[in-house]
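S.K.: Following this line is entry38.csv, made up of CSV, N, CA and C atoms:
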chain,number,residue,atom,x,y,z
V,96,MET,N,5.9,2.1,12.0
V,96,MET,CA,5.8,0.8,11.4
V,96,MET,C,4.5,0.7,10.6
V,97,PRO,N,4.5,0.9,9.3
V,97,PRO,CA,3.3,0.8,8.5
V,97,PRO,C,2.9,-0.7,8.4
V,98,LEU,N,1.6,-0.9,8.3
V,98,LEU,CA,1.1,-2.3,7.9
V,98,LEU,C,0.4,-2.1,6.6
V,99,VAL,N,0.9,-2.8,5.6
V,99,VAL,CA,0.5,-2.7,4.2
V,99,VAL,C,-0.3,-3.9,3.8
V,100,THR,N,-1.5,-3.7,3.3
V,100,THR,CA,-2.3,-4.7,2.6
V,100,THR,C,-2.3,-4.4,1.1
V,101,ILE,N,-1.9,-5.4,0.3
V,101,ILE,CA,-1.8,-5.2,-1.1
V,101,ILE,C,-2.9,-6.1,-1.7
V,102,ASN,N,-4.0,-5.5,-2.3
V,102,ASN,CA,-5.1,-6.2,-2.9
V,102,ASN,C,-4.9,-6.2,-4.4
V,103,LEU,N,-4.9,-7.3,-5.0
V,103,LEU,CA,-4.7,-7.4,-6.5
V,103,LEU,C,-5.4,-8.6,-7.0
V,104,SER,N,-5.5,-8.7,-8.4
V,104,SER,CA,-6.1,-9.8,-9.0
V,104,SER,C,-5.2,-11.0,-9.1
V,105,LYS,N,-5.8,-12.2,-9.2
V,105,LYS,CA,-5.0,-13.4,-9.3
V,105,LYS,C,-4.2,-13.5,-10.5
V,106,SER,N,-4.4,-12.6,-11.5
V,106,SER,CA,-3.6,-12.6,-12.7
V,106,SER,C,-2.2,-12.3,-12.6
V,107,TRP,N,-1.8,-11.7,-11.4
V,107,TRP,CA,-0.4,-11.3,-11.2
V,107,TRP,C,0.4,-12.6,-10.8
V,108,SER,N,1.6,-12.7,-11.4
V,108,SER,CA,2.5,-13.8,-11.1
V,108,SER,C,3.1,-13.6,-9.7
V,109,LEU,N,3.6,-14.6,-9.1
V,109,LEU,CA,4.2,-14.5,-7.8
V,109,LEU,C,5.5,-13.6,-7.9
V,110,GLU,N,6.2,-13.6,-9.0
V,110,GLU,CA,7.3,-12.8,-9.2
V,110,GLU,C,6.9,-11.3,-9.2
V,111,ASP,N,5.8,-11.0,-10.0
V,111,ASP,CA,5.3,-9.6,-10.0
V,111,ASP,C,4.8,-9.2,-8.7
V,112,GLN,N,4.1,-10.1,-7.9
V,112,GLN,CA,3.7,-9.7,-6.6
V,112,GLN,C,4.8,-9.3,-5.7
V,113,LYS,N,5.9,-10.0,-5.8
V,113,LYS,CA,7.1,-9.6,-5.1
V,113,LYS,C,7.7,-8.3,-5.5
V,114,LEU,N,7.7,-8.0,-6.8
V,114,LEU,CA,8.1,-6.7,-7.3
V,114,LEU,C,7.2,-5.6,-6.7
V,115,ILE,N,5.9,-5.8,-6.7
V,115,ILE,CA,5.0,-4.8,-6.1
V,115,ILE,C,5.3,-4.6,-4.7
V,116,ALA,N,5.4,-5.7,-3.9
V,116,ALA,CA,5.7,-5.6,-2.5
V,116,ALA,C,7.0,-4.9,-2.2
V,117,ASP,N,8.0,-5.2,-3.0
V,117,ASP,CA,9.4,-4.6,-2.9
V,117,ASP,C,9.3,-3.1,-3.2
V,118,GLY,N,8.6,-2.7,-4.3
V,118,GLY,CA,8.5,-1.3,-4.7
V,118,GLY,C,7.8,-0.5,-3.6
V,119,ILE,N,6.8,-1.0,-3.0
V,119,ILE,CA,6.1,-0.4,-1.9
V,119,ILE,C,7.0,-0.2,-0.7
V,120,HIS,N,7.7,-1.2,-0.4
V,120,HIS,CA,8.6,-1.2,0.8
V,120,HIS,C,9.7,-0.2,0.5
V,121,GLU,N,10.2,-0.1,-0.7
V,121,GLU,CA,11.3,0.8,-1.0
V,121,GLU,C,10.8,2.3,-0.8
V,122,ALA,N,9.5,2.5,-1.2
V,122,ALA,CA,8.9,3.8,-1.0
V,122,ALA,C,8.8,4.2,0.5
V,123,ILE,N,8.4,3.2,1.3
V,123,ILE,CA,8.2,3.4,2.7
V,123,ILE,C,9.6,3.7,3.4
V,124,VAL,N,10.6,3.0,3.0
V,124,VAL,CA,11.9,3.2,3.5
V,124,VAL,C,12.4,4.6,3.1
V,125,GLY,N,12.1,5.0,1.8
V,125,GLY,CA,12.5,6.3,1.3
V,125,GLY,C,11.9,7.5,2.0
V,126,VAL,N,10.8,7.3,2.7
V,126,VAL,CA,10.2,8.4,3.5
V,126,VAL,C,10.7,8.4,4.9
V,127,GLY,N,11.5,7.5,5.3
V,127,GLY,CA,12.1,7.5,6.6
V,127,GLY,C,11.8,6.4,7.6
V,128,PHE,N,11.0,5.4,7.2
V,128,PHE,CA,10.8,4.2,8.1
V,128,PHE,C,12.0,3.3,8.0
V,129,PRO,N,12.3,2.6,9.1
V,129,PRO,CA,13.5,1.7,9.1
V,129,PRO,C,13.2,0.6,8.1
V,130,LYS,N,14.3,0.1,7.4
V,130,LYS,CA,14.2,-1.0,6.4
V,130,LYS,C,13.7,-2.2,7.0
V,131,ALA,N,14.0,-2.5,8.3
V,131,ALA,CA,13.5,-3.7,9.0
V,131,ALA,C,12.0,-3.7,9.3
V,132,ASP,N,11.4,-2.5,9.2
V,132,ASP,CA,9.9,-2.4,9.5
V,132,ASP,C,9.1,-2.8,8.3
V,133,ARG,N,9.1,-4.1,8.0
V,133,ARG,CA,8.4,-4.6,6.8
V,133,ARG,C,7.3,-5.5,7.2
V,134,PHE,N,6.0,-5.1,7.1
V,134,PHE,CA,4.9,-5.9,7.4
V,134,PHE,C,3.9,-5.7,6.3
V,135,GLN,N,3.7,-6.7,5.5
V,135,GLN,CA,2.9,-6.6,4.3
V,135,GLN,C,2.0,-7.9,4.2
V,136,LYS,N,0.8,-7.7,3.7
V,136,LYS,CA,-0.1,-8.8,3.4
V,136,LYS,C,-0.4,-8.7,1.9
V,137,ILE,N,-0.4,-9.8,1.2
V,137,ILE,CA,-0.8,-9.7,-0.2
V,137,ILE,C,-2.0,-10.6,-0.4
V,138,CYS,N,-3.1,-9.9,-0.8
V,138,CYS,CA,-4.4,-10.6,-1.0
V,138,CYS,C,-4.6,-10.7,-2.5
V,139,SER,N,-4.5,-12.0,-3.0
V,139,SER,CA,-4.6,-12.2,-4.5
V,139,SER,C,-6.1,-12.8,-4.7
V,140,LEU,N,-6.9,-12.0,-5.4
V,140,LEU,CA,-8.3,-12.2,-5.4
V,140,LEU,C,-8.8,-12.5,-6.9
V,141,SER,N,-9.8,-13.4,-7.0
V,141,SER,CA,-10.4,-13.6,-8.3
V,141,SER,C,-11.2,-12.4,-8.6
V,142,ARG,N,-11.6,-12.3,-9.9
V,142,ARG,CA,-12.4,-11.1,-10.4
V,142,ARG,C,-13.7,-11.1,-9.6
V,143,ASP,N,-14.3,-12.2,-9.2
V,143,ASP,CA,-15.5,-12.2,-8.4
V,143,ASP,C,-15.3,-11.7,-7.0
V,144,GLN,N,-14.1,-11.8,-6.5
V,144,GLN,CA,-13.8,-11.3,-5.1
V,144,GLN,C,-13.2,-9.9,-5.1
V,145,PHE,N,-12.8,-9.4,-6.2
V,145,PHE,CA,-12.2,-8.1,-6.3
V,145,PHE,C,-13.0,-7.2,-7.1
V,146,ILE,N,-13.9,-6.5,-6.5
V,146,ILE,CA,-14.9,-5.7,-7.2
V,146,ILE,C,-14.6,-4.2,-7.0
V,147,TYR,N,-14.5,-3.5,-8.1
V,147,TYR,CA,-14.2,-2.1,-8.0
V,147,TYR,C,-14.8,-1.3,-9.2
V,148,ASP,N,-15.0,-0.1,-9.1
V,148,ASP,CA,-15.5,0.8,-10.1
V,148,ASP,C,-14.3,1.1,-11.0
V,149,GLU,N,-14.4,0.9,-12.3
V,149,GLU,CA,-13.3,1.1,-13.2
V,149,GLU,C,-12.9,2.5,-13.5
V,150,ARG,N,-13.8,3.5,-13.2
V,150,ARG,CA,-13.5,4.9,-13.5
V,150,ARG,C,-13.7,5.8,-12.4
V,151,HIS,N,-14.0,5.4,-11.2
V,151,HIS,CA,-14.1,6.3,-10.0
V,151,HIS,C,-12.8,6.9,-9.7
V,152,PRO,N,-12.6,8.2,-9.4
V,152,PRO,CA,-13.6,9.3,-9.5
V,152,PRO,C,-13.4,10.0,-10.8
V,153,ASN,N,-14.2,9.7,-11.8
V,153,ASN,CA,-14.2,10.4,-13.1
V,153,ASN,C,-12.8,10.2,-13.9
V,154,LEU,N,-12.3,9.0,-13.8
V,154,LEU,CA,-11.1,8.8,-14.6
V,154,LEU,C,-11.4,8.8,-16.1
V,155,THR,N,-10.4,9.3,-16.9
V,155,THR,CA,-10.7,9.3,-18.3
V,155,THR,C,-10.4,8.0,-19.0
V,156,GLU,N,-9.5,7.2,-18.3
V,156,GLU,CA,-9.2,5.8,-18.8
V,156,GLU,C,-9.7,4.8,-17.7
V,157,SER,N,-10.2,3.7,-18.1
V,157,SER,CA,-10.6,2.7,-17.2
V,157,SER,C,-9.5,2.0,-16.5
V,158,ARG,N,-9.7,1.6,-15.3
V,158,ARG,CA,-8.7,0.7,-14.6
V,158,ARG,C,-8.6,-0.6,-15.4
V,159,THR,N,-7.5,-1.3,-15.3
V,159,THR,CA,-7.3,-2.5,-16.0
V,159,THR,C,-7.2,-3.7,-15.0
V,160,GLU,N,-7.0,-4.9,-15.5
V,160,GLU,CA,-6.8,-6.1,-14.6
V,160,GLU,C,-5.5,-5.9,-13.8
V,161,LYS,N,-4.7,-4.9,-14.1
V,161,LYS,CA,-3.5,-4.7,-13.3
V,161,LYS,C,-3.8,-3.8,-12.1
V,162,PHE,N,-5.0,-3.4,-11.8
V,162,PHE,CA,-5.4,-2.5,-10.7
V,162,PHE,C,-4.9,-3.1,-9.4
V,163,VAL,N,-4.3,-2.2,-8.6
V,163,VAL,CA,-3.8,-2.6,-7.2
V,163,VAL,C,-4.4,-1.6,-6.2
V,164,LEU,N,-5.0,-2.2,-5.2
V,164,LEU,CA,-5.6,-1.3,-4.1
V,164,LEU,C,-4.7,-1.6,-2.9
V,165,LEU,N,-4.1,-0.5,-2.4
V,165,LEU,CA,-3.2,-0.6,-1.2
V,165,LEU,C,-3.9,0.0,0.0
V,166,GLU,N,-3.8,-0.6,1.1
V,166,GLU,CA,-4.3,-0.1,2.4
V,166,GLU,C,-3.1,0.0,3.3
V,167,ILE,N,-2.7,1.2,3.7
V,167,ILE,CA,-1.5,1.4,4.5
V,167,ILE,C,-2.0,2.0,5.9
V,168,VAL,N,-1.8,1.2,6.9
V,168,VAL,CA,-2.1,1.6,8.3
V,168,VAL,C,-0.8,2.3,8.9
V,169,ILE,N,-1.0,3.5,9.3
V,169,ILE,CA,0.1,4.2,9.9
V,169,ILE,C,-0.4,5.0,11.2
V,170,SER,N,0.6,5.3,12.0
V,170,SER,CA,0.2,6.1,13.2
V,170,SER,C,-0.3,7.5,12.9
V,171,LEU,N,-1.2,8.0,13.7
V,171,LEU,CA,-1.6,9.4,13.5
V,171,LEU,C,-0.5,10.4,13.5
V,172,GLY,N,-0.7,11.5,12.9
V,172,GLY,CA,0.3,12.6,13.0
V,172,GLY,C,1.2,12.8,11.8
V,173,ARG,N,1.0,12.0,10.7
V,173,ARG,CA,1.8,12.2,9.5
V,173,ARG,C,1.1,13.4,8.7
V,174,SER,N,2.0,14.3,8.2
V,174,SER,CA,1.5,15.4,7.5
V,174,SER,C,0.9,15.0,6.1
V,175,VAL,N,0.2,15.9,5.5
V,175,VAL,CA,-0.3,15.7,4.2
V,175,VAL,C,0.9,15.6,3.2
V,176,GLU,N,1.9,16.4,3.4
V,176,GLU,CA,3.1,16.4,2.6
V,176,GLU,C,3.8,15.0,2.7
V,177,PHE,N,3.9,14.5,3.9
V,177,PHE,CA,4.5,13.2,4.1
V,177,PHE,C,3.7,12.1,3.3
V,178,LYS,N,2.4,12.1,3.4
V,178,LYS,CA,1.6,11.1,2.6
V,178,LYS,C,1.7,11.3,1.1
V,179,LYS,N,1.7,12.6,0.7
V,179,LYS,CA,1.9,12.8,-0.8
V,179,LYS,C,3.2,12.3,-1.2
V,180,ASP,N,4.3,12.5,-0.5
V,180,ASP,CA,5.6,12.0,-0.8
V,180,ASP,C,5.6,10.5,-0.9
V,181,LEU,N,5.0,9.8,0.1
V,181,LEU,CA,4.9,8.4,0.1
V,181,LEU,C,4.1,7.9,-1.1
V,182,LEU,N,3.0,8.5,-1.4
V,182,LEU,CA,2.2,8.1,-2.5
V,182,LEU,C,2.9,8.3,-3.9
V,183,THR,N,3.6,9.4,-4.0
V,183,THR,CA,4.4,9.7,-5.2
V,183,THR,C,5.4,8.6,-5.4
V,184,ARG,N,6.1,8.2,-4.4
V,184,ARG,CA,7.2,7.2,-4.5
V,184,ARG,C,6.6,5.8,-4.8
V,185,ILE,N,5.5,5.5,-4.2
V,185,ILE,CA,4.8,4.2,-4.5
V,185,ILE,C,4.4,4.2,-6.0
V,186,VAL,N,3.7,5.2,-6.5
V,186,VAL,CA,3.3,5.2,-7.9
V,186,VAL,C,4.5,5.1,-8.8
V,187,ARG,N,5.5,5.9,-8.5
V,187,ARG,CA,6.7,5.9,-9.4
V,187,ARG,C,7.4,4.5,-9.4
V,188,ASN,N,7.5,3.9,-8.2
V,188,ASN,CA,8.2,2.6,-8.1
V,188,ASN,C,7.3,1.5,-8.9
V,189,LEU,N,6.0,1.5,-8.7
V,189,LEU,CA,5.2,0.5,-9.3
V,189,LEU,C,5.1,0.7,-10.9
V,190,LYS,N,5.2,1.9,-11.3
V,190,LYS,CA,5.3,2.2,-12.7
V,190,LYS,C,6.6,1.6,-13.3
V,191,LYS,N,7.7,1.8,-12.6
V,191,LYS,CA,9.0,1.3,-13.0
V,191,LYS,C,9.0,-0.3,-13.1
V,192,LYS,N,8.6,-0.9,-12.0
V,192,LYS,CA,8.5,-2.4,-11.9
V,192,LYS,C,7.3,-2.7,-11.0
V,193,PRO,N,6.4,-3.5,-11.5
V,193,PRO,CA,6.4,-4.3,-12.7
V,193,PRO,C,5.6,-3.6,-13.9
V,194,GLY,N,5.5,-2.3,-13.9
V,194,GLY,CA,4.9,-1.6,-15.0
V,194,GLY,C,3.4,-1.3,-14.9
V,195,ILE,N,3.0,-0.9,-13.7
V,195,ILE,CA,1.6,-0.6,-13.4
V,195,ILE,C,1.4,0.9,-13.7
V,196,ALA,N,0.4,1.2,-14.5
V,196,ALA,CA,0.0,2.6,-14.8
V,196,ALA,C,-0.5,3.3,-13.6
V,197,PRO,N,-0.1,4.5,-13.4
V,197,PRO,CA,-0.6,5.3,-12.2
V,197,PRO,C,-2.1,5.2,-12.1
V,198,ASN,N,-2.8,5.1,-13.1
V,198,ASN,CA,-4.3,5.0,-13.1
V,198,ASN,C,-4.7,3.7,-12.4
V,199,ASP,N,-3.9,2.7,-12.3
V,199,ASP,CA,-4.2,1.5,-11.7
V,199,ASP,C,-3.7,1.3,-10.3
V,200,VAL,N,-3.3,2.4,-9.7
V,200,VAL,CA,-2.9,2.3,-8.3
V,200,VAL,C,-3.8,3.2,-7.4
V,201,MET,N,-4.4,2.6,-6.4
V,201,MET,CA,-5.2,3.3,-5.5
V,201,MET,C,-4.7,3.1,-4.1
V,202,VAL,N,-4.5,4.1,-3.3
V,202,VAL,CA,-4.0,4.0,-2.0
V,202,VAL,C,-4.9,4.6,-0.9
V,203,LEU,N,-5.1,3.8,0.1
V,203,LEU,CA,-5.9,4.3,1.2
V,203,LEU,C,-5.0,4.4,2.5
V,204,PHE,N,-4.8,5.5,3.0
V,204,PHE,CA,-4.1,5.6,4.3
V,204,PHE,C,-5.1,5.5,5.4
V,205,ILE,N,-4.8,4.6,6.4
V,205,ILE,CA,-5.6,4.4,7.5
V,205,ILE,C,-4.8,4.8,8.7
V,206,GLU,N,-5.2,5.9,9.4
V,206,GLU,CA,-4.4,6.3,10.6
V,206,GLU,C,-5.0,5.8,11.9
V,207,THR,N,-4.1,5.4,12.8
V,207,THR,CA,-4.5,5.0,14.1
V,207,THR,C,-3.6,5.5,15.1
V,208,ALA,N,-4.1,5.7,16.3
V,208,ALA,CA,-3.3,6.2,17.4
V,208,ALA,C,-2.2,5.2,17.8
V,209,ARG,N,-1.1,5.7,18.2
V,209,ARG,CA,0.1,4.9,18.5
V,209,ARG,C,-0.2,3.8,19.6
V,210,GLU,N,-1.2,4.2,20.5
V,210,GLU,CA,-1.5,3.2,21.6
V,210,GLU,C,-2.2,2.0,21.1
V,211,ASN,N,-2.6,2.0,19.8
V,211,ASN,CA,-3.4,0.9,19.2
V,211,ASN,C,-2.4,-0.2,18.6
V,212,TRP,N,-1.1,0.0,18.7
V,212,TRP,CA,-0.2,-1.0,18.2
V,212,TRP,C,0.3,-1.8,19.3
V,213,ALA,N,0.1,-3.1,19.3
V,213,ALA,CA,0.7,-4.1,20.2
V,213,ALA,C,1.5,-5.0,19.4
V,214,CYS,N,2.8,-4.8,19.3
V,214,CYS,CA,3.7,-5.5,18.3
V,214,CYS,C,4.0,-7.0,18.7
V,215,ALA,N,4.0,-7.3,20.0
V,215,ALA,CA,4.3,-8.7,20.4
V,215,ALA,C,4.1,-8.8,21.9
V,216,ASN,N,3.8,-10.0,22.3
V,216,ASN,CA,3.6,-10.3,23.7
V,216,ASN,C,2.4,-9.6,24.3
V,217,GLY,N,1.5,-9.0,23.5
V,217,GLY,CA,0.4,-8.2,24.1
V,217,GLY,C,0.8,-6.9,24.7
V,218,ILE,N,2.0,-6.5,24.4
V,218,ILE,CA,2.5,-5.2,24.9
V,218,ILE,C,2.3,-4.1,24.0
V,219,LYS,N,1.8,-3.0,24.4
V,219,LYS,CA,1.6,-1.8,23.6
V,219,LYS,C,2.9,-1.0,23.7
V,220,TYR,N,3.8,-1.2,22.8
V,220,TYR,CA,5.1,-0.7,22.9
V,220,TYR,C,5.2,0.8,22.8
V,221,TYR,N,4.2,1.5,22.2
V,221,TYR,CA,4.3,2.9,22.0
V,221,TYR,C,3.6,3.7,23.1
V,222,VAL,N,3.1,3.0,24.2
V,222,VAL,CA,2.4,3.7,25.3
V,222,VAL,C,3.5,3.9,26.4
V,223,GLU,N,3.5,5.1,26.9
V,223,GLU,CA,4.4,5.4,28.0
V,223,GLU,C,3.9,4.8,29.2
V,224,THR,N,4.8,4.2,30.0
V,224,THR,CA,4.4,3.6,31.3
V,224,THR,C,4.7,4.5,32.5
Let me see the file written as structure tokens.
M.R.:
Amino acid sequence: MPLVTINLSKSWSLEDQKLIADGIHEAIVGVGFPKADRFQKICSLSRDQFIYDERHPNLTESRTEKFVLLEIVISLGRSVEFKKDLLTRIVRNLKKKPGIAPNDVMVLFIETARENWACANGIKYYVET
């Protein structure tokens, strides 16, 4: 169950925000997570609240106002190949709809141990009893 935070500028319409969220979720399902495992937060920020380096790390073209920063929390143990596959699918989907250049997509994978997930009722569902 990935937990996705989508950070973007307030210039995105609600319709485009939904397209972004849907494209990310489609990528997540595409790498094997269940379709029902959808947990996303969209943080729409003013330019004063969304501060980023336009060329890090040595980009030839600057990021634009369409820049999207994704934080994806997943359980430990996913291979580098798995994360590359997910990243490729996300970038492809966001390029298709709503038309975000790959240069404007940044993804941070945050891995946590399975015992750190308590999905409801204060129960850590992934811990063996």
S.K.: Name the residues of chain V that come out as helix (DSSP H, G or I) in a backbone DSSP run; write them as a PyMOL selection string.
M.R.: chain V and resi 109-125+175-191+197-199+209-211
S.K.: Go through chain V and collect every residue that DSSP, computed from the backbone, puts in strand (DSSP E); the answer should be as an NGL selection string.
M.R.: :V and (98-104 or 135-140 or 163-170 or 200-207)
S.K.: Find the residues near Phe128 in chain V: any atom within 8 Å, counting only N, CA and C atoms, skip ones fewer than 5 places away on the same chain, and give them as a count of residues only.
M.R.: 5
S.K.: Counting all atoms listed in the file, which residue out of V:Leu164, V:Ile101, V:Met201, V:Ala215 sits closest to Ile137 in chain V?
M.R.: V:Ile101
S.K.: Using only C-alpha atoms, which of V:Lys105, V:Lys178, V:Lys191, V:Lys161 sits nearest Ser139 in chain V?
M.R.: V:Lys105
S.K.: What's the 8 Å shell around Leu171 in chain V, counting only C-alpha atoms, without same-chain residues fewer than 4 positions away, as an MDAnalysis selection string?
M.R.: chainID V and resid 206:209
S.K.: What is the distance, in Å and to one decimal place, between CA of Pro193 in chain V and CA of Glu110 in chain V?
M.R.: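 Computed distance, CA of Pro193 in chain V to CA of Glu110 in chain V, equals 9.2 Å.
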